[in-house]
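Right, one structure below, let's go through it.
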Amino acid sequence: MLLTDKTAVIYGAGGSIGGAVARAFAAEGARVHLVGRTRETLEAVASDIKDAEVAVVDALDESAVTEHLARVGDVDVSFNLVSRGDVQGMPITEMPVDDFLRPVLNGTRANFITARAAARRMAERGSGVVLTLNSGSAHGSPMMGGTGPADAATDSLVRNLAMELGPRGVRAVGLWAAGIPETLTIEKLGKVNPDLNEAAIQGILDHLSSLRMTRRNPTLAEITATAVFLASDHAASITGTFVNVTGGMFPG
């Protein structure tokens with residue numbers, strides 16, 4: 001198994017992607033710590049994973065993140081999948097300032113706090129992987145509000161972390177993943193764009209697939225398999241970059 005004896009801390013583990021990643025990591029032998037703000041969703045994921053640890057921690061709270069990692073001990077993989085409060089579906093020129101800035105500020109803060117806390121511990125041992133995920137919208141996507149700038153900040157943070165941490169044996173890597181059909185439900189997308197219905201969601205999926213080199217949308221299983229590989233020692237030479245799991249929708 002690719003992650004045998006590794007300890008993985010997954011922030012946002014109660015979400016669709018976070019839960020799937022946690023299950024995949026555990027299936028590959030990792031000791032999984034499920035972290036998020038809602039105990040019920042975390043415990044639902046934990047019910048599928050033997051010996052999973054659950055912790056209610058706000059990734060925006062520096063002290064809470066640091067204190068939790070002190071209890072965890074050695075960390076091999078830290079994966080940030082925390083939601084940022086993105087608002088989409090309207091022109092930037094019509095968007096309230098707070099709605100535009102929320103994903104930029106929340107995303108940058110959460111990624112910085114969790115990555116820094118984990119990287120400090122990893123660097124002491126000379127090994128570890130800091131992972132994150134965004135949609136790749138930094139390359140330009142209309143009607144996405146602050147999502148593009150938030151993604152751009154995350155992209156830059158990962159590259160700078162990799163340059164500083166590489167000599168100390170720690171990798172920083174990201175995944176670009178957008179338009180995963182299993183995660184695009186009315187309930188979830190309604191929090192981002194309340195005007196969407198089932199037909200609109202299908203239209204979005206069809207449009208996204210038409211933009212991809214592969215002409216199909218990525219599956220959740222493909223996302224998790226890529227995450228497992230990047231977290232493993234088989235990817236020991238990969239750092240400072242984002243792996244494009246969008247089907248080639250954005251330049252790599």
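Quick note on naming: the chains in the structure tokens go A, B, ... in the order shown, residues restart at 1 in each chain, and ligands are numbered from 1 in order of appearance.
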
Determine, for each residue of region 38-137 of chain A having at least one atom at most 9 Å from an atom of region 150-155 of chain A, the closest pair of atoms and their separation in Å to one decimal, counting only C-alpha atoms; order by chain and ascending number, as a Markdown table.
| residue | atom | partner | partner_atom | distance |
| --- | --- | --- | --- | --- |
| A:Arg84 | CA | A:Ala150 | CA | 8.9 |
| A:Leu101 | CA | A:Ala150 | CA | 8.4 |
| A:Arg102 | CA | A:Ala150 | CA | 8.8 |
| A:Pro103 | CA | A:Ala150 | CA | 5.8 |
| A:Val104 | CA | A:Ala150 | CA | 4.1 |
| A:Leu105 | CA | A:Ala150 | CA | 7.6 |
| A:Asn106 | CA | A:Ala150 | CA | 8.6 |
| A:Gly107 | CA | A:Ala150 | CA | 6.3 |
| A:Thr108 | CA | A:Thr154 | CA | 6.3 |
| A:Asn111 | CA | A:Thr154 | CA | 7.3 |
| A:Phe112 | CA | A:Thr154 | CA | 8.7 |
| A:Thr132 | CA | A:Thr154 | CA | 8.1 |
| A:Leu133 | CA | A:Thr154 | CA | 8.4 |
| A:Asn134 | CA | A:Asp151 | CA | 5.9 |
| A:Ser135 | CA | A:Asp151 | CA | 6.9 |
| A:Gly136 | CA | A:Asp151 | CA | 6.3 |
| A:Ser137 | CA | A:Asp151 | CA | 6.2 |

Contact table region 53-156 of chain A vs region 9-24 of chain A, cut-off 12 Å, shortest pair per residue, only C-alpha atoms, as a Markdown table:
| residue | atom | partner | partner_atom | distance |
| --- | --- | --- | --- | --- |
| A:Glu53 | CA | A:Val9 | CA | 9.3 |
| A:Val54 | CA | A:Ala13 | CA | 9.3 |
| A:Ala55 | CA | A:Tyr11 | CA | 9.6 |
| A:Val56 | CA | A:Tyr11 | CA | 9.8 |
| A:Val57 | CA | A:Tyr11 | CA | 8.6 |
| A:Asp58 | CA | A:Tyr11 | CA | 8.9 |
| A:Ala59 | CA | A:Tyr11 | CA | 7.1 |
| A:Leu60 | CA | A:Tyr11 | CA | 10.8 |
| A:Val65 | CA | A:Tyr11 | CA | 9.9 |
| A:His68 | CA | A:Val9 | CA | 10.1 |
| A:Leu69 | CA | A:Val9 | CA | 8.6 |
| A:Arg71 | CA | A:Val9 | CA | 11.7 |
| A:Val72 | CA | A:Val9 | CA | 8.6 |
| A:Gly73 | CA | A:Val9 | CA | 10.7 |
| A:Asp74 | CA | A:Val9 | CA | 10.3 |
| A:Val75 | CA | A:Val9 | CA | 7.2 |
| A:Asp76 | CA | A:Val9 | CA | 8.3 |
| A:Val77 | CA | A:Val9 | CA | 6.2 |
| A:Ser78 | CA | A:Val9 | CA | 4.9 |
| A:Phe79 | CA | A:Ile10 | CA | 4.9 |
| A:Asn80 | CA | A:Tyr11 | CA | 4.9 |
| A:Leu81 | CA | A:Gly12 | CA | 4.9 |
| A:Val82 | CA | A:Gly12 | CA | 4.4 |
| A:Ser83 | CA | A:Gly12 | CA | 7.1 |
| A:Arg84 | CA | A:Gly12 | CA | 10.4 |
| A:Ala110 | CA | A:Tyr11 | CA | 9.3 |
| A:Asn111 | CA | A:Tyr11 | CA | 9.7 |
| A:Ile113 | CA | A:Tyr11 | CA | 11.2 |
| A:Thr114 | CA | A:Tyr11 | CA | 8.3 |
| A:Ala115 | CA | A:Tyr11 | CA | 10.6 |
| A:Ala117 | CA | A:Val9 | CA | 11.4 |
| A:Ala118 | CA | A:Val9 | CA | 9.0 |
| A:Gly128 | CA | A:Val9 | CA | 11.5 |
| A:Val129 | CA | A:Val9 | CA | 10.7 |
| A:Val130 | CA | A:Val9 | CA | 9.9 |
| A:Leu131 | CA | A:Ile10 | CA | 9.4 |
| A:Thr132 | CA | A:Tyr11 | CA | 9.7 |
| A:Leu133 | CA | A:Ile17 | CA | 9.9 |
| A:Asn134 | CA | A:Ile17 | CA | 11.5 |

Print the selection's residues with C-alpha atoms to a file, as a tab-separated table (two decimals), in the first residue's frame.
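Output (result.tsv):
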chain	number	residue	atom	x	y	z
A	53	GLU	CA	-9.39	10.30	14.63
A	54	VAL	CA	-11.90	13.15	14.58
A	55	ALA	CA	-11.15	16.72	15.67
A	56	VAL	CA	-13.40	19.77	15.46
A	57	VAL	CA	-10.96	22.53	14.53
A	58	ASP	CA	-11.43	25.75	12.59
A	59	ALA	CA	-8.61	25.96	10.03
A	60	LEU	CA	-8.80	29.76	10.26
A	65	VAL	CA	-4.56	24.28	14.41
A	68	HIS	CA	-4.28	20.04	17.42
A	69	LEU	CA	-1.08	19.14	15.57
A	71	ARG	CA	-1.65	16.36	19.98
A	72	VAL	CA	-1.30	14.47	16.69
A	73	GLY	CA	2.49	14.36	16.89
A	74	ASP	CA	4.47	13.49	13.77
A	75	VAL	CA	2.66	14.38	10.53
A	76	ASP	CA	3.59	12.97	7.13
A	77	VAL	CA	0.81	14.49	5.01
A	78	SER	CA	-1.26	17.65	5.51
A	79	PHE	CA	-4.08	18.20	3.03
A	80	ASN	CA	-6.19	21.38	3.06
A	81	LEU	CA	-9.66	20.97	1.51
A	82	VAL	CA	-11.46	23.63	3.54
A	83	SER	CA	-14.33	25.51	1.89
A	84	ARG	CA	-13.69	29.24	1.45
A	110	ALA	CA	-6.49	28.55	6.00
A	111	ASN	CA	-3.83	27.27	3.60
A	113	ILE	CA	-2.02	28.38	8.80
A	114	THR	CA	-2.36	24.65	8.14
A	115	ALA	CA	0.67	24.45	5.83
A	117	ALA	CA	1.93	24.40	11.23
A	118	ALA	CA	2.50	21.07	9.47
A	128	GLY	CA	6.57	15.35	4.64
A	129	VAL	CA	4.08	16.57	2.05
A	130	VAL	CA	1.81	19.63	2.15
A	131	LEU	CA	-1.12	19.26	-0.25
A	132	THR	CA	-3.92	21.56	-1.32
A	133	LEU	CA	-6.55	21.80	-4.04
A	134	ASN	CA	-8.24	24.50	-6.06

Return as a PyMOL selection string the full set of residues in region 44-247 of chain A whose backbone-based DSSP assignment is alpha helix (DSSP H). chain A and resi 44-46+62-72+97-125+147-165+186-189+198-211+220-231

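The closest residue to Gly126 (chain A), picked from A:Gly166, A:Arg159, A:Thr147, A:Phe100 and counting only C-alpha atoms, is A:Gly166.
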
Counting only C-alpha atoms, the option among A:Val173, A:Arg216, A:Ala44, A:Ala52 closest to Arg31 (chain A): A:Ala52

What does the structure give for the distance between CA of Asn160 (chain A) and CA of Glu62 (chain A), in Å to one decimal? 20.1 Å

Give me, as number ranges by chain, all polymer residues having an atom no more than 9 Å from Ala30 (chain A), counting only C-alpha atoms and skipping those fewer than 5 positions away in the same chain. A: 1-8, 22, 24-25

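Residue nearest Ala235 (chain A) within the list A:Met143, A:Leu42, A:Met249, A:Ala172: A:Ala172 [criterion: smallest interatomic distance, only C-alpha atoms].
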
Who sits within 10 Å of region 204-208 of chain A, only C-alpha atoms, same chain under 4 positions skipped, as a ChimeraX atom specification: /A:178-181,184,196,198-200,212,215-217,246-247,249
